[in-house]
$ cat data-v7.pdb   # PDB, C-alpha atoms, pLDDT in the B column
ATOM      1  CA  TYR A   1     -37.346   2.668 -39.094  1.00 67.00           C
ATOM      2  CA  ARG A   2     -39.485   0.851 -36.488  1.00 67.00           C
ATOM      3  CA  ARG A   3     -42.539   2.593 -35.123  1.00 71.00           C
ATOM      4  CA  SER A   4     -45.688   1.886 -33.176  1.00 74.00           C
ATOM      5  CA  PRO A   5     -49.058   2.576 -34.824  1.00 76.00           C
ATOM      6  CA  ALA A   6     -49.332   5.764 -32.716  1.00 77.00           C
ATOM      7  CA  HIS A   7     -46.212   7.379 -34.180  1.00 78.00           C
ATOM      8  CA  VAL A   8     -45.725   9.377 -37.356  1.00 80.00           C
ATOM      9  CA  PRO A   9     -44.829   7.249 -40.408  1.00 80.00           C
ATOM     10  CA  ALA A  10     -41.277   7.240 -41.724  1.00 77.00           C
ATOM     11  CA  PRO A  11     -40.268   9.968 -44.162  1.00 79.00           C
ATOM     12  CA  GLU A  12     -40.540   9.214 -47.888  1.00 82.00           C
ATOM     13  CA  GLY A  13     -37.857   6.771 -49.022  1.00 79.00           C
ATOM     14  CA  ILE A  14     -37.191   5.333 -45.554  1.00 80.00           C
ATOM     15  CA  GLY A  15     -38.317   1.743 -45.017  1.00 80.00           C
ATOM     16  CA  GLU A  16     -40.404   1.183 -41.936  1.00 86.00           C
ATOM     17  CA  LEU A  17     -41.764  -1.625 -39.847  1.00 91.00           C
ATOM     18  CA  VAL A  18     -44.742  -1.212 -37.556  1.00 90.00           C
ATOM     19  CA  GLN A  19     -44.681  -3.043 -34.254  1.00 91.00           C
ATOM     20  CA  VAL A  20     -47.572  -2.973 -31.823  1.00 90.00           C
ATOM     21  CA  PRO A  21     -46.842  -3.748 -28.162  1.00 88.00           C
ATOM     22  CA  GLY A  22     -46.950  -7.445 -27.415  1.00 84.00           C
ATOM     23  CA  GLU A  23     -45.147 -10.510 -26.174  1.00 82.00           C
ATOM     24  CA  GLY A  24     -43.620 -11.862 -29.378  1.00 79.00           C
ATOM     25  CA  PHE A  25     -39.856 -12.131 -29.751  1.00 76.00           C
ATOM     26  CA  GLY A  26     -38.207  -9.886 -32.284  1.00 67.00           C
ATOM     27  CA  PRO A  27     -37.970  -6.294 -31.158  1.00 65.00           C
ATOM     28  CA  GLY A  28     -36.017  -4.416 -33.804  1.00 64.00           C
ATOM     29  CA  ASP A  29     -33.257  -3.548 -31.367  1.00 77.00           C
ATOM     30  CA  HIS A  30     -32.366  -7.176 -30.520  1.00 87.00           C
ATOM     31  CA  PRO A  31     -29.003  -8.013 -32.149  1.00 93.00           C
ATOM     32  CA  THR A  32     -30.329 -11.052 -34.019  1.00 94.00           C
ATOM     33  CA  THR A  33     -33.307  -9.153 -35.434  1.00 93.00           C
ATOM     34  CA  THR A  34     -31.121  -6.209 -36.429  1.00 92.00           C
ATOM     35  CA  MET A  35     -28.669  -8.488 -38.252  1.00 96.00           C
ATOM     36  CA  CYS A  36     -31.543 -10.232 -40.059  1.00 96.00           C
ATOM     37  CA  LEU A  37     -33.037  -6.941 -41.187  1.00 94.00           C
ATOM     38  CA  MET A  38     -29.640  -5.845 -42.496  1.00 95.00           C
ATOM     39  CA  ALA A  39     -29.142  -9.132 -44.429  1.00 97.00           C
ATOM     40  CA  ILE A  40     -32.649  -9.721 -45.769  1.00 96.00           C
ATOM     41  CA  GLY A  41     -32.004  -7.720 -48.948  1.00 94.00           C
ATOM     42  CA  ARG A  42     -29.232 -10.149 -49.960  1.00 95.00           C
ATOM     43  CA  LEU A  43     -31.718 -12.985 -50.373  1.00 98.00           C
ATOM     44  CA  PRO A  44     -33.428 -13.810 -53.694  1.00 98.00           C
ATOM     45  CA  ALA A  45     -37.076 -12.887 -54.147  1.00 98.00           C
ATOM     46  CA  GLY A  46     -39.716 -15.571 -53.894  1.00 98.00           C
ATOM     47  CA  PRO A  47     -42.142 -17.107 -51.454  1.00 98.00           C
ATOM     48  CA  ALA A  48     -40.810 -17.094 -47.898  1.00 98.00           C
ATOM     49  CA  LEU A  49     -41.285 -19.064 -44.710  1.00 98.00           C
ATOM     50  CA  ASP A  50     -40.734 -17.180 -41.446  1.00 98.00           C
ATOM     51  CA  ALA A  51     -40.042 -20.101 -39.112  1.00 98.00           C
ATOM     52  CA  GLY A  52     -40.667 -19.109 -35.506  1.00 96.00           C
ATOM     53  CA  CYS A  53     -41.939 -15.681 -36.561  1.00 96.00           C
ATOM     54  CA  GLY A  54     -42.364 -14.195 -33.076  1.00 94.00           C
ATOM     55  CA  SER A  55     -43.546 -10.603 -33.430  1.00 93.00           C
ATOM     56  CA  GLY A  56     -43.491 -10.960 -37.225  1.00 95.00           C
ATOM     57  CA  LEU A  57     -40.895  -8.306 -38.069  1.00 95.00           C
ATOM     58  CA  LEU A  58     -39.020 -10.481 -40.582  1.00 97.00           C
ATOM     59  CA  ALA A  59     -42.238 -11.506 -42.332  1.00 98.00           C
ATOM     60  CA  GLN A  60     -43.294  -7.854 -42.369  1.00 97.00           C
ATOM     61  CA  ALA A  61     -39.929  -6.767 -43.792  1.00 96.00           C
ATOM     62  CA  TRP A  62     -40.151  -9.403 -46.567  1.00 98.00           C
ATOM     63  CA  ALA A  63     -43.686  -8.289 -47.436  1.00 97.00           C
ATOM     64  CA  ARG A  64     -42.767  -4.595 -47.221  1.00 95.00           C
ATOM     65  CA  LEU A  65     -39.907  -5.151 -49.693  1.00 95.00           C
ATOM     66  CA  GLY A  66     -42.357  -6.846 -52.074  1.00 95.00           C
ATOM     67  CA  ARG A  67     -40.116  -9.910 -52.317  1.00 96.00           C
ATOM     68  CA  GLY A  68     -42.997 -12.399 -52.307  1.00 96.00           C
ATOM     69  CA  PRO A  69     -45.722 -13.916 -50.151  1.00 97.00           C
ATOM     70  CA  VAL A  70     -44.825 -15.059 -46.644  1.00 98.00           C
ATOM     71  CA  GLU A  71     -46.069 -17.902 -44.500  1.00 98.00           C
ATOM     72  CA  ALA A  72     -45.190 -17.214 -40.860  1.00 98.00           C
ATOM     73  CA  TRP A  73     -45.264 -20.007 -38.259  1.00 97.00           C
ATOM     74  CA  ASP A  74     -45.069 -19.800 -34.490  1.00 97.00           C
ATOM     75  CA  LEU A  75     -46.094 -21.956 -31.567  1.00 96.00           C
ATOM     76  CA  ASP A  76     -46.950 -19.017 -29.281  1.00 96.00           C
ATOM     77  CA  PRO A  77     -50.479 -17.649 -29.857  1.00 96.00           C
ATOM     78  CA  ARG A  78     -49.508 -14.372 -28.124  1.00 95.00           C
ATOM     79  CA  ALA A  79     -46.695 -13.837 -30.619  1.00 95.00           C
ATOM     80  CA  LEU A  80     -49.034 -14.557 -33.522  1.00 97.00           C
ATOM     81  CA  ARG A  81     -51.553 -12.086 -32.108  1.00 96.00           C
ATOM     82  CA  GLN A  82     -48.854  -9.402 -31.945  1.00 95.00           C
ATOM     83  CA  ALA A  83     -47.702 -10.260 -35.479  1.00 96.00           C
ATOM     84  CA  ALA A  84     -51.290 -10.058 -36.779  1.00 97.00           C
ATOM     85  CA  HIS A  85     -51.893  -6.668 -35.157  1.00 95.00           C
ATOM     86  CA  SER A  86     -48.544  -5.314 -36.388  1.00 95.00           C
ATOM     87  CA  LEU A  87     -49.164  -6.536 -39.945  1.00 96.00           C
ATOM     88  CA  ALA A  88     -52.640  -4.984 -39.936  1.00 95.00           C
ATOM     89  CA  ALA A  89     -51.265  -1.657 -38.653  1.00 93.00           C
ATOM     90  CA  ALA A  90     -48.620  -1.769 -41.402  1.00 93.00           C
ATOM     91  CA  GLY A  91     -51.235  -2.507 -44.079  1.00 94.00           C
ATOM     92  CA  LEU A  92     -49.562  -5.818 -44.928  1.00 96.00           C
ATOM     93  CA  ALA A  93     -51.929  -8.387 -43.415  1.00 96.00           C
ATOM     94  CA  LYS A  94     -52.968  -9.737 -46.846  1.00 96.00           C
ATOM     95  CA  ARG A  95     -49.362 -10.502 -47.823  1.00 96.00           C
ATOM     96  CA  VAL A  96     -48.561 -12.720 -44.831  1.00 98.00           C
ATOM     97  CA  SER A  97     -50.314 -15.951 -43.803  1.00 98.00           C
ATOM     98  CA  LEU A  98     -49.945 -16.685 -40.097  1.00 98.00           C
ATOM     99  CA  ARG A  99     -49.872 -20.315 -38.970  1.00 98.00           C
ATOM    100  CA  HIS A 100     -50.070 -21.635 -35.413  1.00 97.00           C
ATOM    101  CA  GLY A 101     -48.216 -24.828 -34.650  1.00 96.00           C
ATOM    102  CA  PRO A 102     -44.920 -26.474 -33.826  1.00 96.00           C
ATOM    103  CA  LEU A 103     -42.235 -26.489 -36.492  1.00 96.00           C
ATOM    104  CA  GLU A 104     -42.005 -30.246 -35.940  1.00 96.00           C
ATOM    105  CA  ALA A 105     -45.365 -30.396 -37.779  1.00 95.00           C
ATOM    106  CA  LEU A 106     -44.187 -28.163 -40.639  1.00 95.00           C
ATOM    107  CA  PRO A 107     -44.673 -30.024 -43.935  1.00 95.00           C
ATOM    108  CA  ALA A 108     -41.417 -30.463 -45.887  1.00 96.00           C
ATOM    109  CA  GLU A 109     -42.970 -28.824 -48.960  1.00 96.00           C
ATOM    110  CA  ARG A 110     -43.279 -25.567 -46.971  1.00 95.00           C
ATOM    111  CA  ILE A 111     -39.451 -25.432 -46.915  1.00 97.00           C
ATOM    112  CA  ALA A 112     -38.539 -26.690 -50.395  1.00 97.00           C
ATOM    113  CA  GLY A 113     -37.765 -23.905 -52.850  1.00 97.00           C
ATOM    114  CA  ARG A 114     -38.679 -21.116 -50.414  1.00 98.00           C
ATOM    115  CA  VAL A 115     -36.648 -18.462 -48.686  1.00 98.00           C
ATOM    116  CA  VAL A 116     -36.469 -19.531 -45.043  1.00 98.00           C
ATOM    117  CA  LEU A 117     -36.259 -16.723 -42.490  1.00 98.00           C
ATOM    118  CA  ALA A 118     -35.171 -18.372 -39.249  1.00 98.00           C
ATOM    119  CA  ASN A 119     -34.187 -16.166 -36.318  1.00 97.00           C
ATOM    120  CA  VAL A 120     -34.412 -19.011 -33.840  1.00 96.00           C
ATOM    121  CA  PRO A 121     -32.085 -20.902 -31.460  1.00 96.00           C
ATOM    122  CA  ALA A 122     -29.876 -23.740 -32.729  1.00 97.00           C
ATOM    123  CA  PRO A 123     -32.244 -26.541 -31.574  1.00 97.00           C
ATOM    124  CA  VAL A 124     -34.999 -25.041 -33.751  1.00 96.00           C
ATOM    125  CA  HIS A 125     -32.624 -24.849 -36.729  1.00 97.00           C
ATOM    126  CA  ARG A 126     -32.002 -28.568 -36.199  1.00 97.00           C
ATOM    127  CA  VAL A 127     -35.778 -29.165 -36.321  1.00 97.00           C
ATOM    128  CA  LEU A 128     -35.983 -27.245 -39.610  1.00 97.00           C
ATOM    129  CA  LEU A 129     -33.069 -29.192 -41.030  1.00 98.00           C
ATOM    130  CA  ALA A 130     -34.707 -32.476 -40.017  1.00 97.00           C
ATOM    131  CA  ARG A 131     -37.912 -31.377 -41.809  1.00 96.00           C
ATOM    132  CA  THR A 132     -36.043 -30.428 -45.008  1.00 97.00           C
ATOM    133  CA  ARG A 133     -36.357 -32.959 -47.832  1.00 95.00           C
ATOM    134  CA  GLU A 134     -35.490 -30.638 -50.735  1.00 96.00           C
ATOM    135  CA  PRO A 135     -33.338 -27.552 -50.269  1.00 96.00           C
ATOM    136  CA  PRO A 136     -34.807 -24.103 -49.800  1.00 98.00           C
ATOM    137  CA  ARG A 137     -33.978 -21.276 -52.224  1.00 98.00           C
ATOM    138  CA  ALA A 138     -32.197 -19.435 -49.421  1.00 98.00           C
ATOM    139  CA  VAL A 139     -31.890 -19.367 -45.633  1.00 98.00           C
ATOM    140  CA  LEU A 140     -31.434 -16.495 -43.240  1.00 98.00           C
ATOM    141  CA  ALA A 141     -29.979 -18.340 -40.251  1.00 98.00           C
ATOM    142  CA  SER A 142     -29.879 -16.260 -37.094  1.00 97.00           C
ATOM    143  CA  GLY A 143     -30.607 -16.580 -33.400  1.00 96.00           C
ATOM    144  CA  LEU A 144     -27.380 -18.562 -33.164  1.00 97.00           C
ATOM    145  CA  ARG A 145     -24.691 -18.193 -30.534  1.00 96.00           C
ATOM    146  CA  ARG A 146     -21.152 -18.151 -31.921  1.00 95.00           C
ATOM    147  CA  ALA A 147     -20.362 -21.682 -30.686  1.00 94.00           C
ATOM    148  CA  GLU A 148     -23.557 -23.042 -32.308  1.00 95.00           C
ATOM    149  CA  ALA A 149     -23.331 -21.337 -35.680  1.00 97.00           C
ATOM    150  CA  ALA A 150     -20.709 -23.460 -37.474  1.00 97.00           C
ATOM    151  CA  PRO A 151     -22.560 -26.802 -37.332  1.00 97.00           C
ATOM    152  CA  VAL A 152     -25.882 -25.197 -38.324  1.00 98.00           C
ATOM    153  CA  VAL A 153     -24.311 -23.347 -41.267  1.00 97.00           C
ATOM    154  CA  ALA A 154     -22.461 -26.529 -42.276  1.00 98.00           C
ATOM    155  CA  ALA A 155     -25.743 -28.464 -42.299  1.00 98.00           C
ATOM    156  CA  TRP A 156     -27.398 -25.867 -44.573  1.00 97.00           C
ATOM    157  CA  ARG A 157     -24.300 -25.914 -46.794  1.00 97.00           C
ATOM    158  CA  ALA A 158     -24.562 -29.705 -47.058  1.00 97.00           C
ATOM    159  CA  LEU A 159     -27.958 -29.103 -48.697  1.00 97.00           C
ATOM    160  CA  GLY A 160     -26.284 -27.061 -51.449  1.00 97.00           C
ATOM    161  CA  LEU A 161     -26.532 -23.549 -50.037  1.00 98.00           C
ATOM    162  CA  ARG A 162     -23.577 -21.169 -49.932  1.00 98.00           C
ATOM    163  CA  PRO A 163     -23.062 -18.238 -47.565  1.00 97.00           C
ATOM    164  CA  VAL A 164     -23.407 -14.753 -49.075  1.00 97.00           C
ATOM    165  CA  SER A 165     -23.083 -12.797 -45.839  1.00 97.00           C
ATOM    166  CA  MET A 166     -22.094 -13.390 -42.236  1.00 97.00           C
ATOM    167  CA  ALA A 167     -22.529 -10.932 -39.380  1.00 97.00           C
ATOM    168  CA  ARG A 168     -21.602 -11.090 -35.717  1.00 97.00           C
ATOM    169  CA  ARG A 169     -22.929  -8.926 -32.936  1.00 95.00           C
ATOM    170  CA  GLY A 170     -22.077  -9.642 -29.346  1.00 94.00           C
ATOM    171  CA  SER A 171     -22.406 -13.386 -28.868  1.00 96.00           C
ATOM    172  CA  PHE A 172     -24.744 -13.853 -31.865  1.00 97.00           C
ATOM    173  CA  VAL A 173     -24.227 -14.798 -35.519  1.00 97.00           C
ATOM    174  CA  CYS A 174     -26.429 -14.292 -38.586  1.00 98.00           C
ATOM    175  CA  CYS A 175     -25.655 -16.002 -41.894  1.00 98.00           C
ATOM    176  CA  ALA A 176     -27.467 -15.567 -45.213  1.00 98.00           C
ATOM    177  CA  LEU A 177     -27.138 -18.583 -47.521  1.00 98.00           C
ATOM    178  CA  VAL A 178     -28.432 -19.046 -51.074  1.00 98.00           C
ATOM    179  CA  ALA A 179     -28.818 -22.041 -53.396  1.00 96.00           C
TER     180      ALA A 179
END
$ encode --input "data-v7.pdb" --output "C-alpha cells"
Amino acid sequence: YRRSPAHVPAPEGIGELVQVPGEGFGPGDHPTTTMCLMAIGRLPAGPALDAGCGSGLLAQAWARLGRGPVEAWDLDPRALRQAAHSLAAAGLAKRVSLRHGPLEALPAERIAGRVVLANVPAPVHRVLLARTREPPRAVLASGLRRAEAAPVVAAWRALGLRPVSMARRGSFVCCALVA
C-alpha cells in the first residue's frame, strides 16, 4: 500500500510505503518498482545497498520489513530530498543512510556481502559490476529492458549468484539473485 503523508495509514497487517511528492524515480506504479517490491521478500536479510535509490521506495521497503540497515546512493539531490522526506514521514529515517554521489565513486566494500537493490538501467548495472571486487549476498536487478537483461544477469551469475526469481512486465525484467 503506497500513500502520501496526508492519507490514512494502511489497515493493520497491510504493508505500506509512504511517498511524498517529488522528482525522484520510483513511483510504486512503475513496472520496475512494482516487480522489485514483489521480489524483495525473496532476498536474504542483511545490510543493503540501494544503488540509484531515486525516491527511496526500495530502501524504505527493506527498512520497513526489518531486513537490515540500508545505505541508499543517488546522484540526484532532488531524489535524495524526496527519499529523505518520505523516510521521515514513514518513521524510518534512522534505518536508512542517504549518500549523494555517483556510483562510479562507490567503494567496493559497500557492495561486498550486502544485498544490492538496483532498479537502474543496464549501463548503471555495468558500473556496479565494475565496482564489485567481492560478490554481494544478493542482487535485485531491475530497470532492465528485455534485450539488456541476459548479459547483466550473466555477469552477476559469474560472480557466484544464482537467480531465485524472474519477472517480466511490458518491456522490463526484474531478477532476484542470491549467493
$ atom_distance --input "data-v7.pdb" --atom1 "atom CA of Val164 of chain A" --atom2 "atom CA of Glu16 of chain A"
24.4 Å
$ residues_around --input "data-v7.pdb" --residues "Pro31 of chain A" --least-positions-apart "5" --cutoff "10 Å" --atoms "all atoms listed in the file" --output "PyMOL selection string"
chain A and resi 26+36-37+142-143+168-174
$ write_last_selection --input "data-v7.pdb" --atoms "C-alpha atoms" --output "mmCIF file, in the coordinates of the input"
data_model
loop_
_atom_site.group_PDB
_atom_site.id
_atom_site.type_symbol
_atom_site.label_atom_id
_atom_site.label_comp_id
_atom_site.auth_asym_id
_atom_site.auth_seq_id
_atom_site.Cartn_x
_atom_site.Cartn_y
_atom_site.Cartn_z
ATOM 1 C CA GLY A 26 -38.207 -9.886 -32.284
ATOM 2 C CA CYS A 36 -31.543 -10.232 -40.059
ATOM 3 C CA LEU A 37 -33.037 -6.941 -41.187
ATOM 4 C CA SER A 142 -29.879 -16.260 -37.094
ATOM 5 C CA GLY A 143 -30.607 -16.580 -33.400
ATOM 6 C CA ARG A 168 -21.602 -11.090 -35.717
ATOM 7 C CA ARG A 169 -22.929 -8.926 -32.936
ATOM 8 C CA GLY A 170 -22.077 -9.642 -29.346
ATOM 9 C CA SER A 171 -22.406 -13.386 -28.868
ATOM 10 C CA PHE A 172 -24.744 -13.853 -31.865
ATOM 11 C CA VAL A 173 -24.227 -14.798 -35.519
ATOM 12 C CA CYS A 174 -26.429 -14.292 -38.586
#
$ closest_atom_pairs --input "data-v7.pdb" --of "segment 99-161 of chain A" --to "segment 66-88 of chain A" --cutoff "12 Å" --atoms "all atoms listed in the file" --output "Markdown table"
| residue | atom | partner | partner_atom | distance |
| --- | --- | --- | --- | --- |
| A:Arg99 | CA | A:Trp73 | CA | 4.7 |
| A:His100 | CA | A:Asp74 | CA | 5.4 |
| A:Gly101 | CA | A:Leu75 | CA | 4.7 |
| A:Pro102 | CA | A:Leu75 | CA | 5.2 |
| A:Leu103 | CA | A:Trp73 | CA | 7.4 |
| A:Glu104 | CA | A:Leu75 | CA | 10.2 |
| A:Ala105 | CA | A:Trp73 | CA | 10.4 |
| A:Leu106 | CA | A:Trp73 | CA | 8.6 |
| A:Pro107 | CA | A:Trp73 | CA | 11.5 |
| A:Arg110 | CA | A:Glu71 | CA | 8.5 |
| A:Ile111 | CA | A:Glu71 | CA | 10.3 |
| A:Arg114 | CA | A:Val70 | CA | 9.4 |
| A:Val115 | CA | A:Val70 | CA | 9.1 |
| A:Val116 | CA | A:Val70 | CA | 9.6 |
| A:Leu117 | CA | A:Ala72 | CA | 9.1 |
| A:Ala118 | CA | A:Ala72 | CA | 10.2 |
| A:Asn119 | CA | A:Asp74 | CA | 11.6 |
| A:Val120 | CA | A:Asp74 | CA | 10.7 |
| A:Val124 | CA | A:Asp74 | CA | 11.4 |
| A:Leu128 | CA | A:Trp73 | CA | 11.8 |
$ resolve_selection --input "data-v7.pdb" --expression "the PyMOL selection byres ((chain A and resi 41) around 10)" --output "number ranges by chain"
A: 36-40, 42-45, 61-62, 65, 67, 176
$ atom_distance --input "data-v7.pdb" --atom1 "atom CA of Ser55 of chain A" --atom2 "atom CA of Ile14 of chain A"
21.0 Å
$ atom_distance --input "data-v7.pdb" --atom1 "atom CA of Pro9 of chain A" --atom2 "atom CA of Leu57 of chain A"
16.2 Å
$ axis_aligned_box --input "data-v7.pdb" --around "segment 11-23 of chain A" --padding-each-side "8 Å" --output "lines of an AutoDock Vina configuration file"
center_x = -42.4
center_y = -0.3
center_z = -37.6
size_x = 26.4
size_y = 36.5
size_z = 38.8
$ closest_residue --input "data-v7.pdb" --among "A:Pro47, A:Gly15, A:Pro123, A:Gly22" --to "Glu148 of chain A" --atoms "all atoms listed in the file"
A:Pro123
$ closest_residue --input "data-v7.pdb" --among "A:Leu17, A:Ala59, A:Leu159, A:Leu140" --to "Cys175 of chain A" --atoms "all atoms listed in the file"
A:Leu140
$ resolve_selection --input "data-v7.pdb" --expression "the PyMOL selection byres ((chain A and resi 136) around 10)" --output "PyMOL selection string"
chain A and resi 48-49+108-116+132-135+137-139+156+159-161+177-179
$ closest_residue --input "data-v7.pdb" --among "A:Leu98, A:Ala93, A:Met166, A:Ala130" --to "Ala150 of chain A" --atoms "only C-alpha atoms"
A:Met166
$ closest_residue --input "data-v7.pdb" --among "A:Ala51, A:Thr33, A:Gln60, A:Arg157" --to "Val127 of chain A" --atoms "only C-alpha atoms"
A:Ala51
$ resolve_selection --input "data-v7.pdb" --expression "the PyMOL selection byres ((chain A and resi 152) around 9)" --output "list in words"
Ala122, His125, Arg126, Leu129, Ala141, Leu144, Glu148, Ala149, Ala150, Pro151, Val153, Ala154, Ala155, Trp156 and Arg157 of chain A
